[in-house]
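**Q** What follows is the file data34.txt, containing compact mmCIF, C-alpha atoms:
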```txt
# COMPACT_ATOMS: atom_id res chain seq x y z
CA MET A 313 13.90 137.81 7.67
CA THR A 314 10.48 136.14 7.74
CA GLY A 315 9.86 132.97 5.78
CA GLN A 316 7.93 129.73 5.51
CA ILE A 317 9.12 126.21 6.18
CA GLU A 318 8.77 125.56 2.45
CA ASP A 319 11.62 128.04 1.91
CA TYR A 320 14.09 125.58 3.45
CA GLU A 321 15.56 122.26 2.37
CA VAL A 322 16.54 119.90 5.20
CA LEU A 323 20.06 118.57 4.63
CA GLU A 324 20.71 116.49 7.75
CA VAL A 325 19.91 115.98 11.42
CA ILE A 326 22.58 117.55 13.61
CA GLY A 327 21.40 116.46 17.05
CA THR A 328 19.05 117.17 19.90
CA GLY A 329 19.14 120.09 22.29
CA SER A 330 16.94 121.25 25.13
CA PHE A 331 13.33 120.60 24.01
CA GLY A 332 14.09 120.16 20.31
CA THR A 333 15.86 118.57 17.37
CA CYS A 334 18.37 120.56 15.32
CA TYR A 335 18.67 120.28 11.55
CA LYS A 336 21.11 121.65 9.01
CA VAL A 337 19.03 123.39 6.35
CA ARG A 338 19.53 125.40 3.18
CA ASN A 339 17.47 128.42 2.20
CA LYS A 340 16.21 127.64 -1.30
CA LEU A 341 16.22 131.28 -2.37
CA SER A 342 19.60 132.45 -1.08
CA GLY A 343 21.43 129.12 -0.89
CA ARG A 344 22.68 130.03 2.58
CA ILE A 345 23.10 127.35 5.22
CA TYR A 346 21.36 127.65 8.59
CA VAL A 347 20.39 125.55 11.57
CA TRP A 348 16.80 125.24 12.54
CA LYS A 349 15.64 123.95 15.85
CA ALA A 350 12.26 122.23 15.49
CA ILE A 351 10.26 122.16 18.69
CA ASP A 352 6.85 120.53 19.12
CA TYR A 353 5.02 122.70 21.63
CA GLY A 354 1.68 120.86 21.35
CA THR A 355 2.22 118.56 24.33
CA MET A 356 4.24 120.99 26.43
CA THR A 357 3.22 122.06 29.88
CA GLU A 358 2.72 125.77 30.43
CA GLU A 359 6.05 125.88 32.27
CA LYS A 360 7.90 124.42 29.27
CA LYS A 361 6.10 126.74 26.89
CA GLN A 362 7.27 129.65 28.99
CA LEU A 363 10.86 128.36 28.81
CA LEU A 364 10.50 128.12 25.04
CA VAL A 365 9.23 131.70 24.77
CA SER A 366 12.09 132.78 27.01
CA GLU A 367 14.69 131.10 24.77
CA VAL A 368 13.33 132.69 21.59
CA ASN A 369 13.17 136.13 23.19
CA LEU A 370 16.71 135.78 24.54
CA LEU A 371 18.13 134.70 21.20
CA SER A 372 16.57 137.70 19.48
CA GLU A 373 18.11 140.12 22.01
CA LEU A 374 21.57 138.61 22.54
CA ASN A 375 23.39 139.94 19.49
CA HIS A 376 27.07 139.20 20.13
CA PRO A 377 29.92 137.85 17.98
CA HIS A 378 30.47 134.93 20.37
CA ILE A 379 26.83 133.91 20.77
CA VAL A 380 25.07 131.81 18.13
CA ARG A 381 23.12 134.30 16.02
CA TYR A 382 19.34 134.16 15.86
CA TYR A 383 17.73 134.94 12.48
CA ASP A 384 14.03 134.11 12.55
CA ARG A 385 11.25 131.94 13.91
CA ILE A 386 8.51 130.18 11.97
CA LEU A 387 5.34 129.07 13.72
CA HIS A 388 3.63 126.11 12.06
CA LYS A 389 0.29 125.83 13.84
CA GLU A 390 -0.92 122.76 11.94
CA SER A 391 1.87 120.63 13.44
CA THR A 392 2.18 122.71 16.64
CA THR A 393 5.86 123.20 15.83
CA ILE A 394 8.05 126.26 16.09
CA TYR A 395 11.19 126.46 13.96
CA ILE A 396 13.98 128.68 15.30
CA ILE A 397 16.35 129.68 12.50
CA MET A 398 19.92 130.16 13.72
CA GLU A 399 23.50 130.52 12.56
CA TRP A 400 25.20 127.42 11.18
CA CYS A 401 28.52 126.80 12.98
CA GLU A 402 30.39 124.57 10.58
CA GLY A 403 33.25 123.87 13.01
CA GLY A 404 31.02 121.66 15.17
CA ASP A 405 30.98 121.74 18.97
CA LEU A 406 33.63 121.38 21.67
CA ALA A 407 32.26 118.02 22.83
CA THR A 408 33.03 116.57 19.39
CA LEU A 409 36.47 118.22 19.40
CA ILE A 410 37.28 116.67 22.79
CA GLN A 411 36.21 113.22 21.60
CA GLN A 412 38.39 113.58 18.49
CA HIS A 413 41.44 114.34 20.61
CA LYS A 414 40.63 111.42 22.89
CA ARG A 415 40.53 109.02 19.96
CA ARG A 416 43.79 110.37 18.54
CA GLY A 417 45.54 110.45 21.91
CA SER A 418 46.42 114.10 21.29
CA CYS A 419 46.12 117.29 23.32
CA VAL A 420 44.16 120.44 22.58
CA GLU A 421 46.66 123.23 21.89
CA GLU A 422 47.02 125.67 24.75
CA VAL A 423 46.66 128.68 22.45
CA PHE A 424 43.19 127.41 21.57
CA VAL A 425 42.29 126.88 25.24
CA TRP A 426 43.13 130.53 25.97
CA ARG A 427 40.95 131.51 23.01
CA VAL A 428 38.06 129.62 24.61
CA VAL A 429 38.64 131.33 27.97
CA TYR A 430 38.57 134.75 26.34
CA GLN A 431 35.82 134.36 23.75
CA LEU A 432 33.46 132.28 25.89
CA GLY A 433 34.15 134.74 28.69
CA ARG A 434 33.02 137.55 26.39
CA ALA A 435 29.85 135.65 25.58
CA LEU A 436 29.07 135.18 29.27
CA GLN A 437 29.85 138.83 29.91
CA ALA A 438 27.20 139.73 27.34
CA CYS A 439 24.71 137.44 29.08
CA HIS A 440 25.52 138.73 32.54
CA SER A 441 25.63 142.45 31.89
CA HIS A 442 24.78 143.63 28.35
CA LEU A 443 20.98 143.58 28.50
CA ARG A 444 19.19 146.50 30.11
CA ASP A 445 17.72 145.78 33.55
CA VAL A 446 18.24 141.99 33.35
CA THR A 447 20.94 139.39 33.92
CA VAL A 448 20.88 136.20 31.85
CA LEU A 449 22.17 133.05 33.53
CA HIS A 450 22.96 130.47 30.86
CA ARG A 451 22.86 127.58 33.40
CA ASP A 452 24.04 124.93 30.94
CA VAL A 453 27.55 125.90 29.85
CA LYS A 454 29.20 122.67 28.65
CA PRO A 455 31.22 121.52 25.61
CA ALA A 456 28.15 120.33 23.69
CA ASN A 457 26.66 123.85 23.86
CA VAL A 458 29.76 125.69 22.65
CA PHE A 459 30.26 125.83 18.90
CA LEU A 460 32.97 126.80 16.41
CA ASP A 461 32.58 128.82 13.22
CA SER A 462 34.67 128.32 10.09
CA ARG A 463 37.53 130.40 11.56
CA GLY A 464 37.61 128.54 14.85
CA ASN A 465 35.87 131.28 16.81
CA ILE A 466 33.73 130.39 19.81
CA LYS A 467 29.92 130.64 19.76
CA LEU A 468 27.82 130.00 22.87
CA GLY A 469 24.49 128.39 22.07
CA ASP A 470 21.48 126.48 23.44
CA PHE A 471 19.75 128.93 25.77
CA GLY A 472 16.93 126.50 26.50
CA LEU A 473 17.70 126.43 30.22
CA ALA A 474 18.67 130.09 30.56
CA ARG A 475 17.10 132.16 33.32
CA VAL A 476 16.47 135.90 33.25
CA LEU A 477 16.98 137.73 36.52
CA HIS A 478 15.44 141.19 36.62
CA ARG A 479 17.13 144.12 38.28
CA GLU A 480 15.57 143.49 41.68
CA GLN A 481 16.64 139.83 41.66
CA SER A 482 20.11 138.59 42.56
CA PHE A 483 19.75 134.82 42.76
CA SER A 484 17.89 131.90 41.22
CA GLU A 485 16.86 128.66 42.95
CA THR A 486 15.68 126.21 40.28
CA ILE A 487 18.02 123.22 39.88
CA VAL A 488 18.77 122.73 36.18
CA GLY A 489 21.80 121.96 34.04
CA THR A 490 24.17 119.06 33.43
CA PRO A 491 25.41 117.43 36.68
CA TYR A 492 29.14 117.39 35.76
CA TYR A 493 29.14 121.17 35.43
CA MET A 494 26.89 122.11 38.37
CA SER A 495 28.39 124.48 40.92
CA PRO A 496 28.66 123.61 44.63
CA GLU A 497 25.88 126.04 45.52
CA VAL A 498 23.52 124.37 43.02
CA ILE A 499 24.46 120.90 44.29
CA LYS A 500 23.77 122.06 47.86
CA GLY A 501 20.34 123.36 46.85
CA LYS A 502 21.27 126.94 47.66
CA LYS A 503 20.43 130.06 45.73
CA TYR A 504 22.87 130.82 42.94
CA ASP A 505 23.80 133.60 40.55
CA ARG A 506 26.07 134.32 37.57
CA LYS A 507 29.03 132.76 39.36
CA SER A 508 27.56 129.33 38.68
CA ASP A 509 28.23 130.02 35.00
CA ILE A 510 31.84 130.82 35.96
CA TRP A 511 32.14 127.43 37.67
CA ALA A 512 30.82 125.71 34.54
CA LEU A 513 33.33 127.67 32.44
CA GLY A 514 36.11 126.40 34.71
CA CYS A 515 34.88 122.82 34.27
CA LEU A 516 34.78 123.26 30.49
CA VAL A 517 38.30 124.72 30.29
CA TYR A 518 39.60 121.91 32.51
CA GLU A 519 37.95 119.34 30.23
CA LEU A 520 39.62 120.85 27.16
CA CYS A 521 42.97 120.20 28.83
CA ALA A 522 42.35 116.85 30.55
CA LEU A 523 39.78 115.56 27.99
CA SER A 524 37.58 114.70 30.96
CA PRO A 525 35.56 116.84 33.40
CA PRO A 526 37.23 117.68 36.72
CA PHE A 527 34.53 115.84 38.67
CA THR A 528 33.24 112.49 37.42
CA SER A 529 31.31 109.61 38.89
CA CYS A 530 28.62 107.16 37.79
CA ASP A 531 26.90 107.75 41.13
CA ILE A 532 25.14 111.10 41.46
CA SER A 533 25.64 111.20 45.24
CA GLN A 534 29.36 110.63 44.90
CA LEU A 535 29.54 113.22 42.13
CA ALA A 536 27.79 115.74 44.37
CA SER A 537 30.30 115.00 47.14
CA LEU A 538 33.25 115.53 44.79
CA ILE A 539 31.84 118.86 43.62
CA ARG A 540 31.18 120.03 47.18
CA ASP A 541 34.77 119.19 48.17
CA GLY A 542 36.13 120.86 45.04
CA ARG A 543 39.27 118.73 44.81
CA PHE A 544 40.45 117.72 41.36
CA ASP A 545 43.61 116.46 39.66
CA PRO A 546 45.90 119.02 38.02
CA ILE A 547 45.67 119.44 34.27
CA PRO A 548 48.37 117.61 32.26
CA ALA A 549 51.92 118.88 32.77
CA ASN A 550 52.27 120.04 29.16
CA TYR A 551 49.96 122.97 29.96
CA SER A 552 51.24 126.08 31.70
CA ALA A 553 51.00 126.84 35.39
CA ASP A 554 49.13 130.02 34.39
CA LEU A 555 46.31 127.97 32.89
CA GLN A 556 46.14 125.76 35.98
CA LYS A 557 45.84 128.85 38.20
CA ILE A 558 43.01 130.36 36.14
CA ILE A 559 41.11 127.07 36.28
CA GLU A 560 41.60 126.90 40.05
CA LEU A 561 40.29 130.44 40.36
CA MET A 562 37.11 129.63 38.41
CA LEU A 563 36.65 126.40 40.41
CA SER A 564 36.78 128.11 43.80
CA VAL A 565 34.27 126.21 45.95
CA GLU A 566 33.45 129.22 48.09
CA HIS A 567 31.08 131.46 46.15
CA GLN A 568 32.59 134.71 47.43
CA TYR A 569 36.09 133.72 46.33
CA ARG A 570 35.03 132.79 42.80
CA PRO A 571 35.56 135.75 40.44
CA THR A 572 33.05 137.43 38.19
CA ILE A 573 33.56 137.14 34.44
CA GLU A 574 34.95 140.70 34.40
CA MET A 575 37.64 139.71 36.87
CA ILE A 576 38.56 136.73 34.70
CA LEU A 577 38.73 138.77 31.49
CA HIS A 578 40.77 141.51 33.19
CA HIS A 579 43.06 139.13 35.09
CA PRO A 580 46.72 139.91 34.24
CA THR A 581 47.40 136.29 33.28
CA VAL A 582 44.47 136.15 30.85
CA VAL A 583 45.28 139.52 29.30
CA LEU A 584 48.93 138.52 28.89
CA HIS A 585 48.10 135.28 27.07
CA VAL A 586 45.40 136.88 24.96
CA SER A 587 47.54 139.85 23.93
CA THR A 588 50.53 137.70 22.93
CA LYS A 589 48.59 135.22 20.75
CA SER A 590 48.27 136.08 17.06
CA SER A 591 45.00 134.13 16.98
CA PHE A 592 43.30 137.06 18.71
CA LYS A 593 43.99 139.64 15.99
CA PHE A 594 40.41 139.44 14.77
CA VAL A 595 38.92 141.20 17.83
CA SER A 596 37.04 144.37 17.03
CA LYS A 597 38.48 147.86 17.39
CA ARG A 598 36.03 148.58 20.21
CA ASP A 599 37.20 145.49 22.12
CA ARG A 600 40.87 146.41 21.54
CA LEU A 601 40.25 149.89 22.93
CA LYS A 602 38.44 148.38 25.89
CA GLU A 603 41.36 146.06 26.57
CA GLU A 604 43.71 149.07 26.55
CA CYS A 605 41.51 150.70 29.19
CA ASP A 606 41.41 147.44 31.13
CA ARG A 607 45.19 147.32 31.31
CA ALA A 608 45.19 150.50 33.38
CA THR A 609 43.23 148.74 36.11
CA LEU A 610 44.94 145.35 36.08
CA THR A 611 47.02 146.02 39.18
CA SER A 612 44.02 147.02 41.29
CA VAL A 613 41.92 144.09 40.00
CA SER A 614 44.69 141.61 40.79
CA GLU A 615 45.12 143.11 44.24
CA LYS A 616 41.36 142.83 44.82
CA ILE A 617 41.48 139.11 44.04
CA ARG A 618 44.46 138.58 46.35
CA THR A 619 42.74 140.53 49.13
CA LEU A 620 39.59 138.43 48.83
CA GLU A 621 41.58 135.22 48.99
CA ARG A 622 43.71 136.41 51.92
CA GLU A 623 41.34 138.28 54.18
CA ARG A 624 37.73 137.18 53.76
CA GLU A 625 36.37 134.37 55.89
CA PRO A 626 34.01 131.79 54.30
CA GLU A 627 30.35 132.70 54.61
CA GLU A 628 27.03 131.36 53.37
CA ILE A 629 25.24 132.97 50.45
CA SER A 630 22.42 135.02 51.87
CA GLU A 631 19.04 133.49 51.36
```
Take the structure in this file and express it as structure tokens.
**A**
Amino acid sequence: MTGQIEDYEVLEVIGTGSFGTCYKVRNKLSGRIYVWKAIDYGTMTEEKKQLLVSEVNLLSELNHPHIVRYYDRILHKESTTIYIIMEWCEGGDLATLIQQHKRRGSCVEEVFVWRVVYQLGRALQACHSHLRDVTVLHRDVKPANVFLDSRGNIKLGDFGLARVLHREQSFSETIVGTPYYMSPEVIKGKKYDRKSDIWALGCLVYELCALSPPFTSCDISQLASLIRDGRFDPIPANYSADLQKIIELMLSVEHQYRPTIEMILHHPTVVLHVSTKSSFKFVSKRDRLKEECDRATLTSVSEKIRTLEREREPEEISE
């Protein structure tokens, strides 16, 4: 799919993301609806240009049902603008959904929250382990960057702040992201890895339940202190104790106690809620077979988590 900007009709401005403005557009030939992200690279520093190249390359490689699909890029040299053509998610984003529930005074249904845990977890799993020789840290998981398609399925988007770690690398050091969702290790200025994405996932799931992030403050220093302490109010009582426990697991302050995304997806509580919800019938045959294999190891995975929590002493992340 290679086209020209003249092939598209701009329908409306959707919003702004990292480094660019997003538009809803229609392809004049096919009539299909897309999103294009228009980015002016003319005044960018070399560092920002490199981030832009990184985002485009990542989008083209991360082909996953729960990641916003990349279709094409159009380089318009006369205006020093690159247009990234992406999937249109007509269900909007989770930030809008949360605001809608706030205005109505209603709660997000728990079955939907479990869907987010599972499907967004699958998207992060693809980032963390599905590309050969590299790990992709999203580094900006938040409601505004998680989208819904017409069937209510989750799509992770906006990889503008993502970082690629090659096989020989384990940690990153650059401080980026949205403060409310930053992990304790990032706040402390320490090196961090894929588990910072898990922390952000925990913050997002909490916010779906409480309609507010677990750590909030108008003062950045106070916010940092709250995140370092890791204490937060329970989610509303109408949600299950199982959901509270999974959130607590993802929001473990100590890096070594916080699970990987595989441990979350294979956790007995998550598997139980996913397998008993009819809303998950659309998963592919390959994923269903994988889940059947996962069930055989649930006991050992659960015991591994309990052992970590019971026996290991807190320790610093190695520099």
**Q** Find the residues with any atom within 8 Å of (36.0, 127.6, 12.2); use all atoms listed in the file and the coordinates as given in the file, and write the answer as an MDAnalysis selection string.
**A** chainID A and resid 401:403 460:465
**Q** Identify, on the basis of all atoms listed in the file, every residue whose closest approach to Ile386 (chain A) does not exceed 12 Å; exclude the query and any residue fewer than 5 positions from it along the same chain; express the result as a list in words.
**A**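 In the requested form, the answer reads Met313, Thr314, Gly315, Gln316, Ile317, Glu318, Asp319, Tyr320, Trp348, Lys349, Ala350, Ile351, Val368, Ser391, Thr392, Thr393, Ile394, Tyr395, Ile396, Ile397 and Met398 of chain A.
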**Q** Do you have the CA of Ser418 (chain A)-CA of Ala553 (chain A) distance handy?
**A**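 Atom-to-atom, CA of Ser418 (chain A) and CA of Ala553 (chain A) are spaced 19.5 Å apart.
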**Q** Check the smallest atom-to-atom distance from each of A:Glu358, A:Asp509, A:Glu399, A:Asp554 to Lys336 (chain A) using all atoms listed in the file, then report the winner.
**A** A:Glu399
**Q** Taking into account only C-alpha atoms, which residue in the set A:His567, A:Lys503, A:Arg416, A:Arg434 is nearest to His376 (chain A)?
**A** A:Arg434
**Q** For CA of Ala435 (chain A) and CA of Pro377 (chain A), quote the distance in Å rounded to one decimal.
**A**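 Interatomic distance here is 7.9 Å.
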**Q** Under the rule that all atoms listed in the file are counted, which of A:Glu560, A:Glu566, A:Glu373, A:Glu422 is the nearest residue to Cys515 (chain A)?
**A** A:Glu560
**Q** Using only C-alpha atoms, find the one residue out of A:Leu432, A:Ile532, A:Val458, A:Ile326 that sits nearest to Ala407 (chain A).
**A**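 Distance minimum relative to Ala407 (chain A) lands on A:Val458.
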**Q** What is the distance, in Å and to one decimal place, between CA of Tyr493 (chain A) and CA of Cys521 (chain A)?
**A** 15.4 Å
**Q** Counting only C-alpha atoms, figure out which residue out of A:Leu387, A:Leu555, A:Leu409, A:Val498 gets nearest to Val586 (chain A).
**A**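 Selected residue with least distance to Val586 (chain A): A:Leu555.
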**Q** Considering only C-alpha atoms, state which residue in the set A:Asp384, A:Glu497, A:Asp545, A:Glu324 is at the smallest distance from Pro525 (chain A).
**A** A:Asp545
**Q** Excluding Pro455 (chain A) and its own-chain neighbours fewer than 2 positions away, which residues fall within 9 Å of it when counting only C-alpha atoms? Please give them as a PyMOL selection string.
**A** chain A and resi 405-410+453+457-459+516+519-520
**Q** The centre and edge lengths of an axis-aligned box containing all atoms of region 500-517 of chain A present in the file, extended by 5 Å on each side, are to be given in Å to one decimal, as lines of an AutoDock Vina configuration file.
**A**
```
center_x = 29.3
center_y = 128.2
center_z = 39.1
size_x = 28.0
size_y = 22.3
size_z = 27.6
```
